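Text of the file target-v1.txt, holding compact mmCIF, C-alpha atoms:
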# COMPACT_ATOMS: atom_id res chain seq x y z
CA MET A 1 0.00 0.00 0.00
CA SER A 2 1.47 3.36 -0.94
CA ILE A 3 1.80 6.13 1.60
CA GLN A 4 -0.76 8.23 -0.27
CA GLN A 5 -3.35 5.51 0.37
CA GLN A 6 -2.55 4.99 4.04
CA ALA A 7 -4.84 6.33 6.71
CA PRO A 8 -3.17 8.71 9.22
CA SER A 9 -3.22 5.93 11.82
CA ALA A 10 -1.59 3.35 9.54
CA THR A 11 1.76 1.94 10.63
CA LEU A 12 4.78 3.50 8.94
CA LYS A 13 7.54 1.02 8.13
CA VAL A 14 11.04 2.43 8.38
CA GLY A 15 14.60 1.28 7.87
CA VAL A 16 17.93 2.65 9.09
CA VAL A 17 21.16 2.58 7.08
CA GLY A 18 24.19 2.87 9.34
CA ILE A 19 24.62 1.46 12.84
CA GLY A 20 27.17 3.78 14.43
CA TRP A 21 26.28 6.35 17.07
CA ALA A 22 23.99 8.35 14.78
CA GLY A 23 22.20 5.31 13.40
CA GLN A 24 21.57 4.06 16.92
CA GLN A 25 20.02 7.44 17.82
CA HIS A 26 17.60 7.03 14.91
CA LEU A 27 16.72 3.47 15.94
CA LYS A 28 16.03 4.54 19.50
CA ALA A 29 13.91 7.49 18.37
CA TYR A 30 11.80 5.46 15.95
CA SER A 31 11.20 2.83 18.63
CA ASN A 32 9.56 5.49 20.81
CA ILE A 33 6.98 6.63 18.25
CA PRO A 34 3.57 4.92 18.22
CA GLY A 35 2.57 3.62 14.82
CA VAL A 36 6.13 3.33 13.54
CA GLU A 37 7.70 -0.07 12.95
CA ILE A 38 11.42 -0.54 12.33
CA VAL A 39 11.39 -3.29 9.72
CA ALA A 40 14.97 -3.13 8.45
CA VAL A 41 18.48 -2.11 9.39
CA ALA A 42 21.65 -2.14 7.29
CA GLY A 43 25.26 -2.02 8.42
CA MET A 44 28.66 -3.52 7.78
CA GLU A 45 29.56 -4.55 11.35
CA ALA A 46 28.04 -8.04 11.51
CA ASP A 47 28.11 -8.51 15.30
CA LEU A 48 26.66 -5.08 16.04
CA LEU A 49 24.08 -5.54 13.29
CA ALA A 50 22.90 -8.79 14.88
CA GLN A 51 22.83 -7.17 18.32
CA LEU A 52 20.67 -4.24 17.16
CA LYS A 53 18.40 -6.53 15.18
CA GLU A 54 17.67 -8.47 18.35
CA GLU A 55 17.49 -5.43 20.64
CA TYR A 56 14.83 -3.69 18.54
CA SER A 57 13.15 -6.88 17.24
CA ILE A 58 13.86 -5.86 13.65
CA PRO A 59 12.72 -8.51 11.16
CA HIS A 60 15.26 -7.76 8.41
CA ALA A 61 18.99 -7.00 8.59
CA PHE A 62 21.20 -6.34 5.58
CA ALA A 63 24.90 -5.91 4.97
CA ARG A 64 24.14 -3.86 1.83
CA TRP A 65 21.95 -0.76 1.81
CA GLU A 66 21.07 -1.49 -1.82
CA ASP A 67 19.28 -4.64 -0.67
CA MET A 68 17.51 -2.89 2.18
CA ILE A 69 15.80 -0.22 0.09
CA GLU A 70 14.37 -2.94 -2.17
CA LEU A 71 12.39 -4.34 0.76
CA GLU A 72 8.70 -4.50 -0.08
CA GLY A 73 6.46 -2.26 2.02
CA LEU A 74 9.19 0.08 3.24
CA ASP A 75 7.97 3.69 3.62
CA ALA A 76 10.96 5.68 4.85
CA VAL A 77 14.67 5.40 5.60
CA SER A 78 17.23 7.11 7.78
CA VAL A 79 20.68 7.60 6.27
CA ALA A 80 23.31 7.63 9.03
CA VAL A 81 26.54 6.79 7.24
CA PRO A 82 29.72 8.63 6.17
CA THR A 83 28.99 11.80 4.19
CA PHE A 84 30.11 10.51 0.80
CA LEU A 85 27.27 7.97 0.90
CA HIS A 86 24.49 10.45 1.73
CA ALA A 87 23.73 11.40 -1.87
CA PRO A 88 23.80 7.94 -3.50
CA ILE A 89 21.68 6.32 -0.77
CA ALA A 90 19.21 9.21 -0.49
CA ILE A 91 18.74 9.53 -4.24
CA ALA A 92 18.29 5.79 -4.75
CA SER A 93 15.79 5.69 -1.89
CA LEU A 94 13.82 8.68 -3.18
CA GLU A 95 13.69 7.09 -6.63
CA ARG A 96 12.16 4.03 -4.94
CA GLY A 97 9.44 6.31 -3.57
CA LEU A 98 10.80 6.33 -0.02
CA HIS A 99 10.94 9.30 2.32
CA VAL A 100 14.45 10.10 3.56
CA LEU A 101 15.92 11.49 6.78
CA SER A 102 19.66 12.06 6.37
CA GLU A 103 22.32 12.90 8.89
CA LYS A 104 24.13 16.21 8.48
CA PRO A 105 25.72 17.62 6.45
CA LEU A 106 23.36 17.18 3.52
CA ALA A 107 26.20 15.98 1.28
CA ARG A 108 29.88 16.52 0.54
CA ASN A 109 29.04 19.67 -1.37
CA ALA A 110 26.13 21.67 -2.74
CA VAL A 111 26.29 19.97 -6.16
CA GLU A 112 25.44 16.63 -4.57
CA GLY A 113 22.99 18.37 -2.28
CA GLN A 114 21.14 19.87 -5.23
CA GLN A 115 20.89 16.42 -6.79
CA MET A 116 19.29 15.15 -3.58
CA VAL A 117 16.80 18.03 -3.48
CA ASP A 118 15.97 17.52 -7.16
CA ALA A 119 15.35 13.82 -6.50
CA ALA A 120 13.03 14.65 -3.58
CA ARG A 121 11.05 17.09 -5.69
CA LYS A 122 10.79 14.70 -8.61
CA ALA A 123 9.67 11.85 -6.37
CA GLY A 124 7.32 14.05 -4.34
CA ARG A 125 8.81 12.73 -1.12
CA VAL A 126 10.19 14.16 2.12
CA LEU A 127 13.92 14.84 2.41
CA ASP A 128 14.87 16.06 5.90
CA VAL A 129 18.30 16.52 7.47
CA ALA A 130 19.14 15.94 11.14
CA PHE A 131 19.98 19.35 12.55
CA ASN A 132 19.50 18.27 16.14
CA HIS A 133 21.23 21.21 17.84
CA ARG A 134 18.56 23.70 16.83
CA ARG A 135 16.27 21.45 18.91
CA ARG A 136 18.27 22.11 22.09
CA GLY A 137 16.07 23.54 24.82
CA ASP A 138 18.41 26.49 25.34
CA ILE A 139 18.46 27.34 21.64
CA GLN A 140 14.67 27.17 21.52
CA ALA A 141 14.35 29.36 24.62
CA LEU A 142 16.68 32.00 23.19
CA LYS A 143 14.78 31.84 19.91
CA GLU A 144 11.60 32.78 21.78
CA VAL A 145 13.36 35.79 23.32
CA ILE A 146 14.63 37.01 19.95
CA ASP A 147 11.32 36.40 18.19
CA ALA A 148 9.50 38.34 20.92
CA GLY A 149 11.52 41.43 19.93
CA THR A 150 13.33 41.70 23.26
CA LEU A 151 16.64 42.38 21.52
CA GLY A 152 15.22 44.61 18.82
CA ARG A 153 16.88 44.07 15.45
CA PRO A 154 19.90 41.73 15.70
CA TYR A 155 22.83 43.13 13.73
CA TYR A 156 25.85 41.12 14.91
CA ALA A 157 26.33 37.55 16.05
CA LYS A 158 29.30 35.35 16.85
CA ALA A 159 29.04 31.60 17.28
CA SER A 160 31.43 28.70 17.68
CA TRP A 161 31.97 25.08 18.49
CA LEU A 162 35.53 24.50 19.66
CA ARG A 163 37.35 21.44 20.92
CA ARG A 164 40.85 20.87 22.23
CA GLN A 165 41.35 17.23 21.25
CA GLY A 166 38.25 16.48 19.27
CA ILE A 167 39.28 15.17 15.88
CA PRO A 168 36.77 12.34 15.42
CA MET A 169 38.53 9.06 14.68
CA LEU A 170 41.86 10.57 13.65
CA GLY A 171 42.92 8.96 10.40
CA SER A 172 39.43 7.69 9.52
CA TRP A 173 37.03 8.79 6.76
CA PHE A 174 36.43 11.99 8.76
CA THR A 175 39.87 13.28 7.74
CA ASN A 176 39.56 12.44 4.03
CA PRO A 177 37.95 15.27 1.99
CA GLU A 178 36.70 12.86 -0.67
CA LEU A 179 34.76 10.94 1.97
CA ALA A 180 33.80 13.70 4.43
CA GLY A 181 33.63 16.82 2.26
CA GLY A 182 35.63 18.80 4.80
CA GLY A 183 36.83 18.99 8.39
CA PRO A 184 35.21 20.67 11.41
CA LEU A 185 33.51 23.31 9.28
CA ALA A 186 31.50 20.57 7.56
CA ASP A 187 31.20 18.35 10.63
CA ILE A 188 30.31 20.60 13.57
CA GLY A 189 30.43 24.02 11.90
CA VAL A 190 27.32 23.15 9.92
CA HIS A 191 25.46 22.83 13.24
CA VAL A 192 26.74 26.26 14.33
CA LEU A 193 25.73 27.78 11.00
CA ASP A 194 22.31 26.18 11.20
CA TYR A 195 21.39 27.21 14.74
CA SER A 196 22.81 30.71 14.20
CA LEU A 197 20.77 31.43 11.08
CA HIS A 198 17.77 29.80 12.76
CA LEU A 199 18.11 32.12 15.77
CA LEU A 200 18.54 35.16 13.54
CA GLY A 201 15.36 34.43 11.59
CA GLU A 202 16.90 32.88 8.46
CA PRO A 203 18.51 35.98 6.92
CA LYS A 204 19.90 35.47 3.42
CA VAL A 205 23.68 34.98 3.29
CA LEU A 206 25.16 37.45 0.81
CA ALA A 207 28.92 36.78 1.01
CA VAL A 208 31.57 34.98 3.05
CA SER A 209 35.24 35.46 3.78
CA ALA A 210 36.77 32.42 5.43
CA SER A 211 40.06 30.90 6.52
CA THR A 212 40.94 27.31 7.26
CA HIS A 213 43.94 25.96 9.15
CA SER A 214 45.45 22.51 9.43
CA GLU A 215 48.12 22.70 12.09
CA LEU A 216 47.62 19.84 14.56
CA GLY A 217 45.90 17.02 12.70
CA PRO A 218 48.66 16.44 10.12
CA ARG A 219 51.11 15.98 13.02
CA GLY A 220 48.96 13.31 14.61
CA LEU A 221 47.77 15.70 17.32
CA GLY A 222 44.28 16.66 18.39
CA GLY A 223 42.71 13.21 18.59
CA ASN A 224 41.86 11.20 21.66
CA ALA A 225 43.88 8.22 22.86
CA ARG A 226 41.70 5.71 21.04
CA TYR A 227 42.27 7.26 17.63
CA THR A 228 45.87 8.20 16.95
CA ALA A 229 48.00 8.77 13.90
CA SER A 230 49.69 5.41 14.44
CA ASN A 231 46.56 3.48 13.43
CA SER A 232 45.41 5.86 10.71
CA SER A 233 44.05 4.47 7.47
CA HIS A 234 43.78 7.93 5.84
CA LYS A 235 46.05 10.93 5.78
CA PHE A 236 44.84 14.09 7.49
CA GLU A 237 43.79 16.16 4.48
CA VAL A 238 41.11 18.47 5.89
CA GLU A 239 41.22 21.55 8.13
CA ASP A 240 41.29 21.26 11.92
CA PHE A 241 40.11 24.86 12.47
CA ALA A 242 38.01 27.26 10.41
CA SER A 243 36.63 30.75 10.80
CA ALA A 244 34.26 32.74 8.61
CA PHE A 245 33.01 36.30 8.33
CA ILE A 246 29.49 36.05 6.92
CA ARG A 247 27.60 39.05 5.50
CA LEU A 248 23.84 38.85 5.92
CA GLU A 249 21.01 40.55 4.11
CA GLY A 250 20.01 43.73 5.88
CA GLY A 251 23.56 44.57 6.95
CA GLY A 252 23.94 41.94 9.65
CA THR A 253 27.14 40.05 10.39
CA LEU A 254 27.79 36.52 11.61
CA ILE A 255 31.23 35.38 12.76
CA LEU A 256 31.58 31.60 12.85
CA GLU A 257 34.34 29.40 14.29
CA ALA A 258 34.63 25.63 14.18
CA GLY A 259 37.59 23.73 15.57
CA TRP A 260 38.34 20.08 16.20
CA ALA A 261 41.75 20.76 17.70
CA THR A 262 43.09 23.96 19.25
CA TYR A 263 45.18 24.72 22.32
CA ARG A 264 42.36 25.86 24.58
CA ASP A 265 40.38 24.67 27.57
CA GLU A 266 39.98 20.89 27.49
CA ARG A 267 36.19 21.11 27.62
CA ASP A 268 34.21 21.66 24.43
CA LEU A 269 32.66 25.08 23.98
CA MET A 270 29.48 25.73 22.02
CA ASP A 271 28.24 29.31 22.11
CA PHE A 272 26.25 32.08 20.48
CA THR A 273 26.47 35.81 21.16
CA VAL A 274 24.12 38.32 19.57
CA TYR A 275 23.87 42.11 19.70
CA GLY A 276 20.64 43.85 18.79
CA THR A 277 19.35 47.40 18.73
CA ASP A 278 17.51 46.93 22.05
CA GLY A 279 19.49 44.20 23.77
CA GLY A 280 21.97 41.39 23.52
CA ALA A 281 22.33 37.78 24.60
CA ASP A 282 24.96 35.16 25.36
CA LEU A 283 24.46 31.43 25.14
CA ARG A 284 27.43 29.50 26.44
CA SER A 285 27.73 25.75 26.89
CA VAL A 286 31.04 24.67 28.44
CA GLY A 287 31.49 20.95 28.10
CA ALA A 288 29.01 21.03 25.23
CA SER A 289 29.04 17.30 24.57
CA GLU A 290 28.00 16.48 28.14
CA ASN A 291 26.09 19.64 29.09
CA PRO A 292 22.43 19.42 27.97
CA VAL A 293 21.58 23.02 28.92
CA ALA A 294 23.74 26.09 28.33
CA ASP A 295 23.91 29.25 30.40
CA VAL A 296 21.80 31.88 28.64
CA HIS A 297 21.93 35.55 29.64
CA VAL A 298 19.94 38.40 28.13
CA PHE A 299 21.16 41.99 28.43
CA THR A 300 18.64 44.79 28.02
CA GLU A 301 17.29 47.81 29.86
CA LYS A 302 14.04 49.29 31.10
CA ASP A 303 13.45 52.94 31.97
CA GLY A 304 17.14 53.64 31.53
CA GLU A 305 18.24 50.93 33.95
CA ASN A 306 19.82 47.56 33.29
CA ALA A 307 17.18 44.85 33.15
CA ASP A 308 19.35 41.82 32.47
CA PHE A 309 18.01 38.34 33.14
CA GLU A 310 18.85 34.68 32.76
CA VAL A 311 16.84 32.35 30.56
CA VAL A 312 15.83 29.07 32.17
CA ALA A 313 15.65 26.20 29.71
CA GLU A 314 14.98 22.50 29.80
CA PRO A 315 17.15 19.94 27.97
CA GLY A 316 16.17 19.48 24.36
CA ARG A 317 15.08 16.20 22.81
CA ALA A 318 17.87 16.03 20.21
CA HIS A 319 17.44 13.20 17.70
CA GLN A 320 14.07 12.25 19.14
CA ALA A 321 12.75 15.67 18.10
CA VAL A 322 14.38 15.34 14.67
CA VAL A 323 12.79 11.95 14.04
CA ASP A 324 9.43 13.05 15.49
CA ASP A 325 9.37 16.00 13.08
CA PHE A 326 10.31 13.77 10.16
CA ILE A 327 7.53 11.29 10.90
CA ALA A 328 5.07 14.16 11.36
CA ALA A 329 6.03 15.48 7.92
CA VAL A 330 5.61 12.06 6.33
CA ARG A 331 2.21 11.65 7.96
CA GLY A 332 1.26 15.15 6.86
CA GLY A 333 0.70 13.97 3.30
CA GLU A 334 1.38 15.56 -0.06
CA THR A 335 0.38 19.06 1.05
CA VAL A 336 3.25 18.99 3.54
CA TRP A 337 5.89 17.03 1.64
CA GLY A 338 6.74 19.85 -0.75
CA SER A 339 7.98 22.06 2.09
CA HIS A 340 10.32 19.29 3.28
CA ASP A 341 12.50 18.87 0.18
CA GLY A 342 15.91 19.48 1.74
CA SER A 343 16.11 23.11 0.62
CA LEU A 344 17.14 24.46 4.01
CA ALA A 345 19.99 21.96 4.30
CA LEU A 346 21.01 22.85 0.74
CA SER A 347 21.24 26.53 1.73
CA ARG A 348 23.71 25.49 4.46
CA ALA A 349 25.72 23.46 1.95
CA LEU A 350 25.96 26.46 -0.38
CA VAL A 351 27.41 28.58 2.44
CA LEU A 352 29.94 25.88 3.37
CA ASP A 353 31.04 25.58 -0.26
CA ALA A 354 31.51 29.34 -0.41
CA CYS A 355 33.58 29.25 2.80
CA TYR A 356 35.89 26.57 1.44
CA LYS A 357 36.23 28.43 -1.85
CA SER A 358 37.00 31.65 0.01
CA ALA A 359 39.66 29.95 2.13
CA LEU A 360 41.25 28.32 -0.90
CA GLU A 361 41.31 31.48 -3.02
CA GLN A 362 41.87 33.86 -0.09
CA ARG A 363 39.11 36.24 -1.08
CA GLU A 364 35.51 37.06 -0.32
CA VAL A 365 32.99 34.92 -2.17
CA VAL A 366 29.59 36.31 -3.08
CA LEU A 367 26.68 33.89 -3.03
Using structure tokens, write down the structure that the file contains.
Amino acid sequence: MSIQQQAPSATLKVGVVGIGWAGQQHLKAYSNIPGVEIVAVAGMEADLLAQLKEEYSIPHAFARWEDMIELEGLDAVSVAVPTFLHAPIAIASLERGLHVLSEKPLARNAVEGQQMVDAARKAGRVLDVAFNHRRRGDIQALKEVIDAGTLGRPYYAKASWLRRQGIPMLGSWFTNPELAGGGPLADIGVHVLDYSLHLLGEPKVLAVSASTHSELGPRGLGGNARYTASNSSHKFEVEDFASAFIRLEGGGTLILEAGWATYRDERDLMDFTVYGTDGGADLRSVGASENPVADVHVFTEKDGENADFEVVAEPGRAHQAVVDDFIAAVRGGETVWGSHDGSLALSRALVLDACYKSALEQREVVL
């Protein structure tokens, strides 16, 4: 039965490609949603695949994603694999008439991303991307403050995600540009870009001037003890730090930093600072990977006196919220699907491409 013919209460049958950390987040999230059945999982690690199949009572397990998407009755798939596989798996799935939820970034570059969006539009299916950090409770709380006009018109923002020794799997696919598309700018910087533009109300990006640096990774530094240069299967060929000056429509400015490895405090930092015509705000999460709620301060005044306050937020729901929203879009039917075609994720990919081009050519790039 096709999705168009299903009643809203009909069970949606989903599959997950990829069984690493991200894939396991998708499995867990799907298992919590009434009316959703995980019918298939695909992954290359045989023991882990068997373990997850049993844990979630999944009827079908595949070593090859190509075999999984051929499964009769499948409605939707999650793509939680290395970045170079996002486009081929998503496009093949969309051509099969399946809805797709992909991990970030959308693809290695905007060319592949556009192909994915085109495939979603042609198939008339949902293509969503897992930007889970915009679902943080602190981000959502600050968004409410900004949208309420408390800060007036935001004109400057600075945001970052910085690590000291945070190169993921040093020497793995993460450090190969042909497999990953880039370093921290593509990996964690895309989250910073996404939540920043989300907080600012989705202003159009007009131009970027960016720099990338690769100082620690090529020397085997900046990874944790488990992943070292001595057991590398790939050379370190991406940046380990990036910064960008981003011009926004309306005269606004966004400064972005993303670093896997820098000589700084050992705890991750994820932050966002914004200045507006009537107030400002700081969101600061020290130990970002472990800290579910950041400190959020708002700076404003009333009757000529400081009227600063702290924003109290609850932890966000991360991948559960991402998957919930995806399933809601799928269940929304054809009138909803067209607004979930991957366009927002493509806009992020276009900015990242411009940043890498700017860094390479050492000039400002106009979008």
- Nearest residue to Lys28 in chain A from the set A:Leu12, A:Leu52, A:Ala288, A:Leu85 (distances using all atoms listed in the file):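 Of A:Leu12, A:Leu52, A:Ala288, A:Leu85, the one nearest Lys28 in chain A, counting all atoms listed in the file, is A:Leu52.
Distance-wise, CA of His133 in chain A and CA of Leu98 in chain A end up 25.5 Å apart.
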- Residues at most 12 Å from range 328-337 of chain A, counting all atoms listed in the file, excluding those fewer than 2 positions away in the same chain, as an NGL selection string? :A and (2-14 or 30 or 33-36 or 75-77 or 98-101 or 120-128 or 321-326 or 339-343)
So that all listed atoms of range 87-103 of chain A fit with 4 Å spare on each side, what axis-aligned box centre and edge lengths in Å, to one decimal, would you give as AutoDock Vina command-line options?
--center_x 16.6 --center_y 8.5 --center_z 1.1 --size_x 22.4 --size_y 16.9 --size_z 23.5
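Each of A:Ala210, A:Leu170, A:Ile89, A:Ala186 was checked against Gln362 in chain A using only C-alpha atoms; the smallest atom-to-atom distance is that of A:Ala210.
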- Message: Neighbouring residues of Ser160 in chain A were defined as those with any atom within 12 Å, considering all atoms listed in the file; residues of the same chain fewer than 3 positions away were excluded. Please report them as a PyMOL selection string.
- Response: chain A and resi 157+163+184-185+188-196+241-244+254-260+268-273+282-286+288
So that I have them on file, write out the residues from the current selection with C-alpha atoms, as a compact mmCIF listing (two decimals), keeping the file's coordinate frame.
# COMPACT_ATOMS: atom_id res chain seq x y z
CA ALA A 157 26.33 37.55 16.05
CA ARG A 163 37.35 21.44 20.92
CA PRO A 184 35.21 20.67 11.41
CA LEU A 185 33.51 23.31 9.28
CA ILE A 188 30.31 20.60 13.57
CA GLY A 189 30.43 24.02 11.90
CA VAL A 190 27.32 23.15 9.92
CA HIS A 191 25.46 22.83 13.24
CA VAL A 192 26.74 26.26 14.33
CA LEU A 193 25.73 27.78 11.00
CA ASP A 194 22.31 26.18 11.20
CA TYR A 195 21.39 27.21 14.74
CA SER A 196 22.81 30.71 14.20
CA PHE A 241 40.11 24.86 12.47
CA ALA A 242 38.01 27.26 10.41
CA SER A 243 36.63 30.75 10.80
CA ALA A 244 34.26 32.74 8.61
CA LEU A 254 27.79 36.52 11.61
CA ILE A 255 31.23 35.38 12.76
CA LEU A 256 31.58 31.60 12.85
CA GLU A 257 34.34 29.40 14.29
CA ALA A 258 34.63 25.63 14.18
CA GLY A 259 37.59 23.73 15.57
CA TRP A 260 38.34 20.08 16.20
CA ASP A 268 34.21 21.66 24.43
CA LEU A 269 32.66 25.08 23.98
CA MET A 270 29.48 25.73 22.02
CA ASP A 271 28.24 29.31 22.11
CA PHE A 272 26.25 32.08 20.48
CA THR A 273 26.47 35.81 21.16
CA ASP A 282 24.96 35.16 25.36
CA LEU A 283 24.46 31.43 25.14
CA ARG A 284 27.43 29.50 26.44
CA SER A 285 27.73 25.75 26.89
CA VAL A 286 31.04 24.67 28.44
CA ALA A 288 29.01 21.03 25.23
Could you pull the residues within 9 Å of Gly182 in chain A, counting only C-alpha atoms, minus those fewer than 5 positions along the same chain, as a compact mmCIF listing (two decimals) with C-alpha atoms, keeping the file's coordinate frame?
# COMPACT_ATOMS: atom_id res chain seq x y z
CA ARG A 108 29.88 16.52 0.54
CA PHE A 174 36.43 11.99 8.76
CA THR A 175 39.87 13.28 7.74
CA ASN A 176 39.56 12.44 4.03
CA PRO A 177 37.95 15.27 1.99
CA ASP A 187 31.20 18.35 10.63
CA GLU A 237 43.79 16.16 4.48
CA VAL A 238 41.11 18.47 5.89
CA GLU A 239 41.22 21.55 8.13
CA TYR A 356 35.89 26.57 1.44
- Task: Take CA of Arg363 in chain A and CA of Ser209 in chain A and report the distance between them in Å, one decimal.
- Result: 6.3 Å
- Query: CA of Ala313 in chain A and CA of Val298 in chain A are how many Å apart?
  - Reply: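 We find that CA of Ala313 in chain A and CA of Val298 in chain A lie 13.0 Å from each other.
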- Message: Could you list, as a ChimeraX atom specification, every residue within 6 Å of range 79-84 of chain A, counting all atoms listed in the file and ignoring same-chain residues fewer than 3 positions away?
- Response: /A:17-18,22-23,102-103,107,179-180
Any chance you could export the current selection's C-alpha atoms as a compact mmCIF listing (two decimals), in the coordinates of the input?
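This is the output file selection_28.txt:
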# COMPACT_ATOMS: atom_id res chain seq x y z
CA VAL A 17 21.16 2.58 7.08
CA GLY A 18 24.19 2.87 9.34
CA ALA A 22 23.99 8.35 14.78
CA GLY A 23 22.20 5.31 13.40
CA SER A 102 19.66 12.06 6.37
CA GLU A 103 22.32 12.90 8.89
CA ALA A 107 26.20 15.98 1.28
CA LEU A 179 34.76 10.94 1.97
CA ALA A 180 33.80 13.70 4.43
- Message: Using all atoms listed in the file for the distances, tell me which of A:Arg267, A:His234, A:Arg135, A:Lys53 is nearest to Met169 in chain A.
- Response: A:His234
- Hey, what's within 10 Å of Gly222 in chain A if we count only C-alpha atoms and toss same-chain stuff fewer than 5 positions away? As a PyMOL selection string, please? chain A and resi 163-168+170+215-217+227-229+240+260-263
- Message: Could you check which residues have any atom within 12 Å of (15.8, 27.8, -2.1), counting only C-alpha atoms with coordinates taken straight from the file, and then list them as a list in words?
- Response: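 Neighbouring residues, ordered by chain and number, come to Gly113, Gln114, Val117, Asp118, Glu202, Lys204, Val205, Ser339, His340, Asp341, Gly342, Ser343, Leu344, Ala345, Leu346, Ser347, Arg348, Ala349 and Leu350 of chain A.
Nearest to Gln320 in chain A of all the residues A:Glu72, A:Asn306, A:Ala130, A:Leu49 is A:Ala130, based on all atoms listed in the file.
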- With distances taken over only C-alpha atoms, which of A:Val311, A:Leu248, A:Ala29, A:Val366 is nearest to Gln140 in chain A?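 Residue with the minimum atom-to-atom distance to Gln140 in chain A: A:Val311.
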- Selected residue of minimal separation from Gly149 in chain A among A:Asp308, A:Glu45, A:Asp278, A:Glu54, counting all atoms listed in the file: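 Closest to Gly149 in chain A, using all atoms listed in the file: A:Asp278.
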